[in-house]
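> Questions regarding the structure given below will be posed in turn.
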Amino acid sequence: MSGGILLCDPVTAKNTEFAMPASSLCDAHNNCAEKCFKYIKQDDWVTSGKLGSREAVLVFRTNILNPKTRKTLLETTPEQVKLKNVEATSTQSGVVLEKAMSSAICKTNATIGQAYVSVEKSPNSNDLRNPVKKLHGSFSSCDTSVSSDGDETVQYNEKKPRVQQKNRNAAIVEIEVNLNKESGYNSIPATQFNTGSNTSEEDQEASSEEDKECGINMPAHQLQITYKFIQTETKLLRKIFNVHGLTEVQGESNFNLLWTGVHMKLDTLRNLALYQRVNHFPRSYELTRKDRLYKNIERMQHLRGMKHFDIVPQSFILPLESRDLLFAHNKHRGPWIVKPAASSRGRGIFIVNSPDQIPQDEQVLVSKYIVDPLCIDGHKCDLRVYVLVTSFDPLIIYLYEEGIVRLATVRYDRNADNLWNPCMHLCNYSINKYHSDYIRSSDAQDEDVGHKWTLSALLRHLKLQGCDTHLLMLNIEDLIIKAVLACAQTIISACRMFVPNANNCFELYGFDILIDNTLKPWLLEVNLSPSMGVDSPLDTKVKACLVTDLLTCVGIPAFSPEMRSHYNSKSSQIRSSSCHRQVDTTESGIAIRSTKTKKKTFGLIQLTQEEQRILRSARLQYSRRGGFVRIFPTDDTMQRYGHFLDSANGIPISTPNVQGQTFQTLVTQHNYNQMLHSNLYCLGSRSLKDDNCQENRIRQYERALETDSEIPFLKKQIVEKCEEEGRRLRKQLLKKIGSGSTLTHFQARQTFSLYLESVLRRLTQDPKDSHEKIILKFLNRYGGGVKPPVLFRNTLNVSKARSAMVAKLLGDFLELYKRDTEAYVDSFDHFGMIPTSAYSLFLIHAQESDLEAVLTHHTNVTGIMPFLYNRCGLSVPPTPPIPSGLHGFLRALPAMVSASGFSRDVSKYDGYFKSCDKNLEDVHDISLRSRSTRDFK
Ligand code: ADP
């Protein structure tokens, strides 16, 4: 059967399951086909199907982030690659394929824009190794796609390696190697395309204009693919989207990709069209809220036995479980680590020796403190690994091959006297970055330098010391799968209720894992929307690879606007005829499956259309996985985790009463997990070499992440300040304020946050005890969402760690404050207002003293504090006098906040804060005594 050709045209194919019916889409597709030809040269940016087909998705790569290599990438003419490919393939299958290809293209053009050229796999092509992957040292895929009739086939354009090179000859050489080995293109991580270019200089970051210009050449731009952000930090993501030609939309529902930093609104979910993708599943908080996660795992411990789910430190939710905590403490003494239930980045965390040190008035999670953590060179560390779930039913989990190891800045010491020190006991970057000893690696290749390492570097380091890294990584995989299993049931039922199409949702979770000194991994928490912020070249490399691989793997459909409007109207028809989602729809509105009637034979098992779709989709996705390692399902999955799944429907069971009955939402006639596992790993695939076996997975984790072109480090854009200009503008401003102009809320808040940023910079570079105390007093009064990360026990301890803590608190405050400030943006310049453009110029050049002068003068003249209060606020305290001289504004700051604070008293648990209060009475006194109306003019 080797080399046989099948042409699966949607019009003539027996099974139209995966095709779009010609009748309804003819016009749209003719249109689309025309467009296809316009940018067919760029079809290396589309995979899993021909442009215009329903399965075609966009390809994302890191090379294009580098302005030096992007030009080459875009100039490469894939024609030559394509022809070479056809030529070489024809040595196996004669001219038939070439003919088939042109015939398919003709049909595409003339009829409906979608044609599948399928090549039946020869038995010896089962081992589909892709030598290109060797660049990355990665292993290949055994997964091929499944054609519409369920046979295993390789789509024509799947066979074409997506090599984009400066040196075209190099590309051809690779293809030849590829074809000589009879391998098909399966999976090339976004990171490893050999561009043949050497970026020797330091990072080059293109401006966003250049990024957008680059995007114009991309298919995504021509297909008008859009993305939308909601509450998320976006620099890296935005850059990746822009260079790939996606356009940002705001306030619209017609996005292709919605990336949100918060949970999804159910209404948004309900109305998703077939081609839309969102980065969260409903009810993901079952995993990502610390209290929910621990409860779910605890339930599994009761249901399945402690030995299977001993993956989290013993934990209690207070105040509800105070007695249980006491009981546990009497059995095995502390220390205990206390965390707010819904918090992150070390906010509000502290460690105590005994439960009586824990306040009882807030819901917190108290966990056994792991006193013997794995240390690197004496520093405690923990892991952030990235887990992608593309589907909960069937369950498909990937672990990214690279992760990040975070080290504490202060050497670890078990002594209880040090429990107060967050820079010793907490590994969060957001805490340690403020410590003056914190070291950032400045080169992306330095993976084991400073306080942030890569996972692979840690594994190599441990291996050198004779540790069993194989077992460690298997245990980490096990922990991830079990955590997801513990929470899956609720998420599955929410998906059934709210998600209209099977591939609408995907989610990247950040798993925080602590390894103890016996190399046992402990799950600390799962982060919703793990940070994509980058602070070093190493960070940029890992996260850029992660995001590009993620987007390619989940697949953003390369739909034309015509196709989108077609599916939009079909979706709304479906919605109006049924308020519930049909999880099992093959395509909402196109071909509603009939489980009982339409069955296809695949090997020995009958597959429904929906099952064929799932299988095909899983295989295509696997072929695009890049650096993601599928950890569920794997060949050994069913043996190890099968008993956690319901035998009838394959749903993970996490409540005792569900087995075999109840939960209307879970009553199904399918078992997708079973089906997927048997089709991927049993049945006909048994003979396939399993490239996803344990050995290969572990090898992949241990290998350093390689990129063929440097990924520019996205630095903060630093605008050159002109001191003189700042002073000149300040003079003008003070004059204006003196003659009656006032700052808008937005301007005042902008000034205040820039001012505090300068103070923060000083605190980290040149800590001043008195200023730290003032800041603490201010934050203490202000409250809000700013929480102290630890219980400071040693009030006299003036140290780098304490300075880091104060800086961290101020940093947290600033982040929230800036977010709130967005709500005050001036949409237009109104009468009497200092023009936005003039004010922005001032802010660009202003130094700390300029900002302070404007804030002071404005407060003194107007008697209001718009940077802290709305004019009509009820509990606005009287404006305090502001001492003259440098830092006078800072000294008056605590007195500007009413004693009752804004919403939450940050200091109520904190011995350190209380001792500060006394010192700060002096500050208050000074401010009262020395009211100054000094003019800064
Ligand atoms: P957050 O969401 O605020 O980052 P985490 O649960 O990740 O909270 O904990 C923050 C840090 O505290 C981790 O980096 C880890 O070093 C430390 N930590 C958390 N829980 C424990 C524990 N049970 N034992 C030892 N250290 C812990």
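Ordering of the structure tokens sets the chain letters (A, B, ...); residue numbers start at 1 within each chain; ligands are numbered from 1 in the order shown.
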Can you pull out every residue from segment 819-871 of chain A that DSSP, working from the backbone, puts in helix (DSSP H, G or I), and format the result as a ChimeraX atom specification?
/A:819-824,836-845,848-862
> Produce as a PDB file with all heavy atoms, in the first residue's frame the set of residues near ligand 1, where near means within 7 Å with only C-alpha atoms and all ligand atoms considered.

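As a result, part.pdb now contains:
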ATOM      1  N   PRO A 313       1.133  19.432  50.644  1.00  0.00           N
ATOM      2  CA  PRO A 313       1.380  19.431  52.086  1.00  0.00           C
ATOM      3  C   PRO A 313       0.049  19.440  52.838  1.00  0.00           C
ATOM      4  O   PRO A 313      -0.929  20.027  52.338  1.00  0.00           O
ATOM      5  CB  PRO A 313       2.127  20.751  52.316  1.00  0.00           C
ATOM      6  CG  PRO A 313       2.567  21.232  50.983  1.00  0.00           C
ATOM      7  CD  PRO A 313       1.648  20.645  49.975  1.00  0.00           C
ATOM      8  N   ILE A 337       2.750  27.386  57.206  1.00  0.00           N
ATOM      9  CA  ILE A 337       2.800  28.545  56.315  1.00  0.00           C
ATOM     10  C   ILE A 337       1.360  28.986  56.043  1.00  0.00           C
ATOM     11  O   ILE A 337       0.485  28.152  55.749  1.00  0.00           O
ATOM     12  CB  ILE A 337       3.601  28.253  55.025  1.00  0.00           C
ATOM     13  CG1 ILE A 337       3.709  29.496  54.139  1.00  0.00           C
ATOM     14  CG2 ILE A 337       3.088  27.074  54.237  1.00  0.00           C
ATOM     15  CD1 ILE A 337       4.800  29.417  53.074  1.00  0.00           C
ATOM     16  N   LYS A 339      -1.420  31.289  54.050  1.00  0.00           N
ATOM     17  CA  LYS A 339      -1.620  32.000  52.780  1.00  0.00           C
ATOM     18  C   LYS A 339      -3.073  32.430  52.640  1.00  0.00           C
ATOM     19  O   LYS A 339      -3.975  31.637  52.919  1.00  0.00           O
ATOM     20  CB  LYS A 339      -1.314  31.068  51.598  1.00  0.00           C
ATOM     21  CG  LYS A 339       0.006  30.338  51.689  1.00  0.00           C
ATOM     22  CD  LYS A 339       0.154  29.344  50.546  1.00  0.00           C
ATOM     23  CE  LYS A 339       1.359  28.464  50.750  1.00  0.00           C
ATOM     24  NZ  LYS A 339       1.525  27.480  49.682  1.00  0.00           N
ATOM     25  N   SER A 343      -4.933  34.401  46.689  1.00  0.00           N
ATOM     26  CA  SER A 343      -3.885  35.395  46.504  1.00  0.00           C
ATOM     27  C   SER A 343      -2.737  34.764  45.730  1.00  0.00           C
ATOM     28  O   SER A 343      -2.706  33.558  45.537  1.00  0.00           O
ATOM     29  CB  SER A 343      -3.421  35.868  47.879  1.00  0.00           C
ATOM     30  OG  SER A 343      -2.428  36.849  47.727  1.00  0.00           O
ATOM     31  N   SER A 344      -1.832  35.593  45.275  1.00  0.00           N
ATOM     32  CA  SER A 344      -0.712  35.045  44.518  1.00  0.00           C
ATOM     33  C   SER A 344       0.510  35.912  44.748  1.00  0.00           C
ATOM     34  O   SER A 344       0.441  36.938  45.423  1.00  0.00           O
ATOM     35  CB  SER A 344      -1.058  35.016  43.031  1.00  0.00           C
ATOM     36  OG  SER A 344      -1.291  36.328  42.585  1.00  0.00           O
ATOM     37  N   ARG A 345       1.606  35.476  44.195  1.00  0.00           N
ATOM     38  CA  ARG A 345       2.876  36.202  44.226  1.00  0.00           C
ATOM     39  C   ARG A 345       3.339  36.559  45.634  1.00  0.00           C
ATOM     40  O   ARG A 345       3.800  37.661  45.900  1.00  0.00           O
ATOM     41  CB  ARG A 345       2.793  37.445  43.347  1.00  0.00           C
ATOM     42  CG  ARG A 345       2.503  37.038  41.900  1.00  0.00           C
ATOM     43  CD  ARG A 345       2.773  38.129  40.969  1.00  0.00           C
ATOM     44  NE  ARG A 345       1.822  39.200  41.134  1.00  0.00           N
ATOM     45  CZ  ARG A 345       2.013  40.417  40.688  1.00  0.00           C
ATOM     46  NH1 ARG A 345       3.113  40.729  40.079  1.00  0.00           N
ATOM     47  NH2 ARG A 345       1.084  41.330  40.830  1.00  0.00           N
ATOM     48  N   GLY A 346       3.130  35.635  46.512  1.00  0.00           N
ATOM     49  CA  GLY A 346       3.643  35.804  47.864  1.00  0.00           C
ATOM     50  C   GLY A 346       2.892  36.816  48.699  1.00  0.00           C
ATOM     51  O   GLY A 346       3.276  37.095  49.837  1.00  0.00           O
ATOM     52  N   ARG A 347       1.795  37.370  48.144  1.00  0.00           N
ATOM     53  CA  ARG A 347       1.077  38.417  48.893  1.00  0.00           C
ATOM     54  C   ARG A 347       0.396  37.812  50.108  1.00  0.00           C
ATOM     55  O   ARG A 347      -0.334  36.831  49.992  1.00  0.00           O
ATOM     56  CB  ARG A 347       0.041  39.100  48.003  1.00  0.00           C
ATOM     57  CG  ARG A 347       0.678  40.155  47.113  1.00  0.00           C
ATOM     58  CD  ARG A 347      -0.330  40.801  46.232  1.00  0.00           C
ATOM     59  NE  ARG A 347      -0.790  39.885  45.210  1.00  0.00           N
ATOM     60  CZ  ARG A 347      -1.017  40.241  43.942  1.00  0.00           C
ATOM     61  NH1 ARG A 347      -0.833  41.478  43.565  1.00  0.00           N
ATOM     62  NH2 ARG A 347      -1.438  39.375  43.064  1.00  0.00           N
ATOM     63  N   ILE A 349       1.562  36.153  52.597  1.00  0.00           N
ATOM     64  CA  ILE A 349       2.033  34.874  53.152  1.00  0.00           C
ATOM     65  C   ILE A 349       2.940  35.108  54.356  1.00  0.00           C
ATOM     66  O   ILE A 349       3.755  36.027  54.344  1.00  0.00           O
ATOM     67  CB  ILE A 349       2.819  34.084  52.083  1.00  0.00           C
ATOM     68  CG1 ILE A 349       1.895  33.722  50.924  1.00  0.00           C
ATOM     69  CG2 ILE A 349       3.455  32.843  52.671  1.00  0.00           C
ATOM     70  CD1 ILE A 349       2.528  32.827  49.897  1.00  0.00           C
ATOM     71  N   SER A 367      -0.771  25.593  55.662  1.00  0.00           N
ATOM     72  CA  SER A 367      -0.169  24.328  55.197  1.00  0.00           C
ATOM     73  C   SER A 367       1.069  24.004  56.010  1.00  0.00           C
ATOM     74  O   SER A 367       1.775  24.903  56.467  1.00  0.00           O
ATOM     75  CB  SER A 367       0.257  24.440  53.737  1.00  0.00           C
ATOM     76  OG  SER A 367      -0.815  24.785  52.927  1.00  0.00           O
ATOM     77  N   LYS A 368       1.301  22.729  56.097  1.00  0.00           N
ATOM     78  CA  LYS A 368       2.519  22.264  56.774  1.00  0.00           C
ATOM     79  C   LYS A 368       3.706  22.843  56.018  1.00  0.00           C
ATOM     80  O   LYS A 368       3.785  22.762  54.788  1.00  0.00           O
ATOM     81  CB  LYS A 368       2.554  20.741  56.719  1.00  0.00           C
ATOM     82  CG  LYS A 368       3.613  20.117  57.533  1.00  0.00           C
ATOM     83  CD  LYS A 368       3.015  19.576  58.829  1.00  0.00           C
ATOM     84  CE  LYS A 368       4.071  19.049  59.787  1.00  0.00           C
ATOM     85  NZ  LYS A 368       4.802  20.048  60.527  1.00  0.00           N
ATOM     86  N   TYR A 369       4.602  23.453  56.736  1.00  0.00           N
ATOM     87  CA  TYR A 369       5.764  24.041  56.086  1.00  0.00           C
ATOM     88  C   TYR A 369       6.811  22.947  55.836  1.00  0.00           C
ATOM     89  O   TYR A 369       7.168  22.200  56.760  1.00  0.00           O
ATOM     90  CB  TYR A 369       6.345  25.154  56.965  1.00  0.00           C
ATOM     91  CG  TYR A 369       7.435  25.917  56.259  1.00  0.00           C
ATOM     92  CD1 TYR A 369       7.130  26.736  55.182  1.00  0.00           C
ATOM     93  CD2 TYR A 369       8.776  25.781  56.644  1.00  0.00           C
ATOM     94  CE1 TYR A 369       8.129  27.429  54.514  1.00  0.00           C
ATOM     95  CE2 TYR A 369       9.771  26.476  55.972  1.00  0.00           C
ATOM     96  CZ  TYR A 369       9.435  27.283  54.902  1.00  0.00           C
ATOM     97  OH  TYR A 369      10.423  27.961  54.227  1.00  0.00           O
ATOM     98  N   ILE A 370       7.235  22.837  54.613  1.00  0.00           N
ATOM     99  CA  ILE A 370       8.228  21.802  54.286  1.00  0.00           C
ATOM    100  C   ILE A 370       9.608  22.342  54.655  1.00  0.00           C
ATOM    101  O   ILE A 370      10.114  23.254  54.009  1.00  0.00           O
ATOM    102  CB  ILE A 370       8.124  21.412  52.803  1.00  0.00           C
ATOM    103  CG1 ILE A 370       6.782  20.713  52.615  1.00  0.00           C
ATOM    104  CG2 ILE A 370       9.265  20.512  52.381  1.00  0.00           C
ATOM    105  CD1 ILE A 370       6.303  20.631  51.235  1.00  0.00           C
ATOM    106  N   VAL A 371      10.140  21.758  55.722  1.00  0.00           N
ATOM    107  CA  VAL A 371      11.349  22.364  56.300  1.00  0.00           C
ATOM    108  C   VAL A 371      12.634  21.893  55.629  1.00  0.00           C
ATOM    109  O   VAL A 371      13.698  22.475  55.851  1.00  0.00           O
ATOM    110  CB  VAL A 371      11.453  22.085  57.828  1.00  0.00           C
ATOM    111  CG1 VAL A 371      10.486  22.942  58.584  1.00  0.00           C
ATOM    112  CG2 VAL A 371      11.273  20.611  58.122  1.00  0.00           C
ATOM    113  N   CYS A 381      14.754  26.471  46.564  1.00  0.00           N
ATOM    114  CA  CYS A 381      14.236  26.770  45.223  1.00  0.00           C
ATOM    115  C   CYS A 381      12.874  26.106  45.042  1.00  0.00           C
ATOM    116  O   CYS A 381      12.513  25.186  45.776  1.00  0.00           O
ATOM    117  CB  CYS A 381      15.200  26.267  44.149  1.00  0.00           C
ATOM    118  SG  CYS A 381      15.351  24.486  44.110  1.00  0.00           S
ATOM    119  N   ASP A 382      12.122  26.608  44.130  1.00  0.00           N
ATOM    120  CA  ASP A 382      10.908  25.899  43.715  1.00  0.00           C
ATOM    121  C   ASP A 382      10.755  26.006  42.206  1.00  0.00           C
ATOM    122  O   ASP A 382      11.527  26.699  41.538  1.00  0.00           O
ATOM    123  CB  ASP A 382       9.665  26.377  44.484  1.00  0.00           C
ATOM    124  CG  ASP A 382       9.217  27.772  44.093  1.00  0.00           C
ATOM    125  OD1 ASP A 382       9.764  28.345  43.134  1.00  0.00           O
ATOM    126  OD2 ASP A 382       8.294  28.296  44.749  1.00  0.00           O
ATOM    127  N   HIS A 425      12.698  32.140  52.747  1.00  0.00           N
ATOM    128  CA  HIS A 425      11.716  31.056  52.776  1.00  0.00           C
ATOM    129  C   HIS A 425      10.755  31.036  51.595  1.00  0.00           C
ATOM    130  O   HIS A 425      10.114  30.027  51.333  1.00  0.00           O
ATOM    131  CB  HIS A 425      10.914  31.126  54.085  1.00  0.00           C
ATOM    132  CG  HIS A 425      11.742  30.768  55.274  1.00  0.00           C
ATOM    133  ND1 HIS A 425      11.970  29.462  55.640  1.00  0.00           N
ATOM    134  CD2 HIS A 425      12.432  31.534  56.154  1.00  0.00           C
ATOM    135  CE1 HIS A 425      12.755  29.438  56.706  1.00  0.00           C
ATOM    136  NE2 HIS A 425      13.040  30.685  57.031  1.00  0.00           N
ATOM    137  N   LEU A 426      10.606  32.149  50.927  1.00  0.00           N
ATOM    138  CA  LEU A 426       9.709  32.189  49.765  1.00  0.00           C
ATOM    139  C   LEU A 426      10.545  32.388  48.510  1.00  0.00           C
ATOM    140  O   LEU A 426      11.484  33.202  48.511  1.00  0.00           O
ATOM    141  CB  LEU A 426       8.683  33.318  49.873  1.00  0.00           C
ATOM    142  CG  LEU A 426       7.924  33.484  51.195  1.00  0.00           C
ATOM    143  CD1 LEU A 426       6.831  34.541  51.042  1.00  0.00           C
ATOM    144  CD2 LEU A 426       7.307  32.182  51.675  1.00  0.00           C
ATOM    145  N   CYS A 427      10.194  31.670  47.477  1.00  0.00           N
ATOM    146  CA  CYS A 427      11.022  31.734  46.267  1.00  0.00           C
ATOM    147  C   CYS A 427      10.429  32.643  45.198  1.00  0.00           C
ATOM    148  O   CYS A 427      10.985  32.737  44.100  1.00  0.00           O
ATOM    149  CB  CYS A 427      11.211  30.332  45.694  1.00  0.00           C
ATOM    150  SG  CYS A 427      11.934  29.214  46.880  1.00  0.00           S
ATOM    151  N   ASN A 428       9.316  33.286  45.498  1.00  0.00           N
ATOM    152  CA  ASN A 428       8.668  34.111  44.469  1.00  0.00           C
ATOM    153  C   ASN A 428       9.630  35.155  43.918  1.00  0.00           C
ATOM    154  O   ASN A 428      10.277  35.872  44.686  1.00  0.00           O
ATOM    155  CB  ASN A 428       7.472  34.869  45.060  1.00  0.00           C
ATOM    156  CG  ASN A 428       6.470  33.944  45.672  1.00  0.00           C
ATOM    157  OD1 ASN A 428       6.772  33.322  46.689  1.00  0.00           O
ATOM    158  ND2 ASN A 428       5.310  33.846  45.087  1.00  0.00           N
ATOM    159  N   ASP A 512       3.092  25.491  40.551  1.00  0.00           N
ATOM    160  CA  ASP A 512       4.234  25.774  41.439  1.00  0.00           C
ATOM    161  C   ASP A 512       4.520  24.533  42.269  1.00  0.00           C
ATOM    162  O   ASP A 512       3.631  24.032  42.984  1.00  0.00           O
ATOM    163  CB  ASP A 512       3.920  26.956  42.364  1.00  0.00           C
ATOM    164  CG  ASP A 512       3.950  28.272  41.602  1.00  0.00           C
ATOM    165  OD1 ASP A 512       4.384  28.257  40.422  1.00  0.00           O
ATOM    166  OD2 ASP A 512       3.549  29.301  42.168  1.00  0.00           O
ATOM    167  N   LEU A 514       7.235  22.447  44.852  1.00  0.00           N
ATOM    168  CA  LEU A 514       8.401  22.476  45.736  1.00  0.00           C
ATOM    169  C   LEU A 514       8.944  21.056  45.816  1.00  0.00           C
ATOM    170  O   LEU A 514       8.179  20.104  45.994  1.00  0.00           O
ATOM    171  CB  LEU A 514       7.982  22.961  47.132  1.00  0.00           C
ATOM    172  CG  LEU A 514       9.129  23.169  48.101  1.00  0.00           C
ATOM    173  CD1 LEU A 514       9.805  24.504  47.818  1.00  0.00           C
ATOM    174  CD2 LEU A 514       8.651  23.160  49.545  1.00  0.00           C
ATOM    175  N   LEU A 524       2.319  23.127  45.325  1.00  0.00           N
ATOM    176  CA  LEU A 524       1.980  24.260  46.197  1.00  0.00           C
ATOM    177  C   LEU A 524       0.729  24.962  45.706  1.00  0.00           C
ATOM    178  O   LEU A 524      -0.166  25.286  46.457  1.00  0.00           O
ATOM    179  CB  LEU A 524       3.135  25.259  46.240  1.00  0.00           C
ATOM    180  CG  LEU A 524       4.455  24.737  46.788  1.00  0.00           C
ATOM    181  CD1 LEU A 524       5.486  25.859  46.808  1.00  0.00           C
ATOM    182  CD2 LEU A 524       4.267  24.175  48.198  1.00  0.00           C
ATOM    183  N   GLU A 525       0.696  25.224  44.420  1.00  0.00           N
ATOM    184  CA  GLU A 525      -0.500  25.879  43.888  1.00  0.00           C
ATOM    185  C   GLU A 525      -0.494  25.808  42.378  1.00  0.00           C
ATOM    186  O   GLU A 525       0.523  25.497  41.745  1.00  0.00           O
ATOM    187  CB  GLU A 525      -0.579  27.336  44.337  1.00  0.00           C
ATOM    188  CG  GLU A 525       0.483  28.207  43.732  1.00  0.00           C
ATOM    189  CD  GLU A 525       0.107  29.680  43.745  1.00  0.00           C
ATOM    190  OE1 GLU A 525      -1.080  30.014  43.915  1.00  0.00           O
ATOM    191  OE2 GLU A 525       1.009  30.502  43.560  1.00  0.00           O
TER     192      GLU A 525
END
> A:Asn418, A:Thr707, A:Thr879, A:Thr548: which is nearest Phe628 of chain A, counting only C-alpha atoms?
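Nearest to Phe628 of chain A: A:Thr548.
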> Between atom CA of Asn254 of chain A and atom CA of His221 of chain A, what is the distance, to one decimal in Å?
14.9 Å
> Step one, run DSSP on the backbone; step two, keep only residues of segment 352-534 of chain A assigned to strand (DSSP E); then write them as JSON, numbers by chain.
{"A": [352, 364, 365, 366, 367, 368, 375, 376, 379, 380, 381, 382, 383, 384, 385, 386, 387, 388, 389, 390, 391, 392, 395, 396, 397, 398, 399, 400, 404, 405, 406, 407, 452, 453, 454, 507, 508, 509, 510, 511, 512, 513, 514, 515, 521, 522, 523, 524, 525, 526, 527]}
> Enter the distance from atom CA of Glu706 of chain A to atom CA of Gly378 of chain A, in Å, rounded to one decimal.
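These two atoms are separated by 28.6 Å.
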> Here is a test: counting only C-alpha atoms, which residue of A:Ile556, A:Gly740, A:Leu246, A:Pro521 is nearest to Asn504 of chain A?
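Comparing A:Ile556, A:Gly740, A:Leu246, A:Pro521 against Asn504 of chain A, the winner is A:Ile556.
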> From the set A:Leu274, A:Val389, A:Met306, A:Val449, which residue has the shortest atom-to-atom contact distance to Cys553 of chain A, counting only C-alpha atoms?
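Using only C-alpha atoms, Cys553 of chain A sits closest to A:Val389.
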> List the neighbours of Val405 of chain A out to 7 Å using only C-alpha atoms; skip same-chain residues closer than 3 positions along the sequence, and give me the result as a ChimeraX atom specification.
/A:381-384,452-455
> So that I have them on file, write out the residues from the current selection with N, CA and C atoms, as an mmCIF file, in the first residue's frame.

data_model
loop_
_atom_site.group_PDB
_atom_site.id
_atom_site.type_symbol
_atom_site.label_atom_id
_atom_site.label_comp_id
_atom_site.auth_asym_id
_atom_site.auth_seq_id
_atom_site.Cartn_x
_atom_site.Cartn_y
_atom_site.Cartn_z
ATOM 1 N N CYS A 381 14.754 26.471 46.564
ATOM 2 C CA CYS A 381 14.236 26.770 45.223
ATOM 3 C C CYS A 381 12.874 26.106 45.042
ATOM 4 N N ASP A 382 12.122 26.608 44.130
ATOM 5 C CA ASP A 382 10.908 25.899 43.715
ATOM 6 C C ASP A 382 10.755 26.006 42.206
ATOM 7 N N LEU A 383 9.787 25.248 41.662
ATOM 8 C CA LEU A 383 9.652 25.143 40.210
ATOM 9 C C LEU A 383 8.368 25.773 39.726
ATOM 10 N N ARG A 384 8.418 26.418 38.583
ATOM 11 C CA ARG A 384 7.203 26.806 37.870
ATOM 12 C C ARG A 384 7.199 25.996 36.572
ATOM 13 N N LYS A 452 17.441 32.692 38.878
ATOM 14 C CA LYS A 452 16.430 32.053 38.048
ATOM 15 C C LYS A 452 17.132 31.071 37.116
ATOM 16 N N TRP A 453 16.789 29.818 37.235
ATOM 17 C CA TRP A 453 17.368 28.808 36.365
ATOM 18 C C TRP A 453 16.265 28.247 35.481
ATOM 19 N N THR A 454 16.707 27.427 34.506
ATOM 20 C CA THR A 454 15.677 26.685 33.774
ATOM 21 C C THR A 454 15.525 25.308 34.409
ATOM 22 N N LEU A 455 14.390 24.691 34.144
ATOM 23 C CA LEU A 455 14.141 23.344 34.655
ATOM 24 C C LEU A 455 15.196 22.383 34.122
#
> Quote the spacing between atom CA of Tyr755 of chain A and atom CA of Val854 of chain A in Å to one decimal place.
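If I compute the distance from atom CA of Tyr755 of chain A to atom CA of Val854 of chain A, I get 10.2 Å.
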> Rank nothing, just name the residue among A:Val526, A:Ala895, A:Met473, A:Ile376 nearest to Glu286 of chain A, using only C-alpha atoms.
A:Val526
> Give me the segment 799-905 of chain A side of the contact with segment 433-439 of chain A, cut-off 7 Å, one line per residue showing its nearest atom pair and distance in Å at one decimal, counting only C-alpha atoms, sorted by chain and residue number, as a Markdown table.

| residue | atom | partner | partner_atom | distance |
| --- | --- | --- | --- | --- |
| A:Lys800 | CA | A:His435 | CA | 6.3 |
| A:Ala801 | CA | A:His435 | CA | 6.2 |
| A:Ala804 | CA | A:Tyr434 | CA | 4.7 |
| A:Ala807 | CA | A:Tyr434 | CA | 6.3 |
| A:Lys808 | CA | A:Tyr434 | CA | 6.4 |
> Which of these, A:Tyr429, A:Tyr817, A:Phe889, A:Tyr839, has the shortest distance to Phe867 of chain A once you count only C-alpha atoms?
A:Tyr817
> Give me, as a list in words, all polymer residues having an atom no more than 9 Å from Ile651 of chain A, counting only C-alpha atoms and skipping those fewer than 2 positions away in the same chain.
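That gives Phe392, Asp393, Pro394, Leu395, Leu485, Ala488, Gln489, Ile492, Phe644, Leu645, Asp646, Ser647, Ala648, Asn649, Ile653, Leu666, Asn671, Tyr672 and Asn673 of chain A.
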> Skipping near chain neighbours, those fewer than 5 positions away, what residues fall within 12 Å of Ser799 of chain A using only C-alpha atoms, listed as a list in words?
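With the cut-off at 12 Å, the set is Val410, Trp420, Asn421, Pro422, Cys423, His435, Ser436, Asp437, Thr764, Pro767, Lys768, Asp769, Glu772, Phe792, Asn794, Ala804, Met805 and Val806 of chain A.
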> Tell me which of A:His280, A:Arg762, A:Arg292, A:His771 sits closest to Leu388 of chain A, counting only C-alpha atoms.
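Comparing A:His280, A:Arg762, A:Arg292, A:His771 against Leu388 of chain A, the winner is A:His280.
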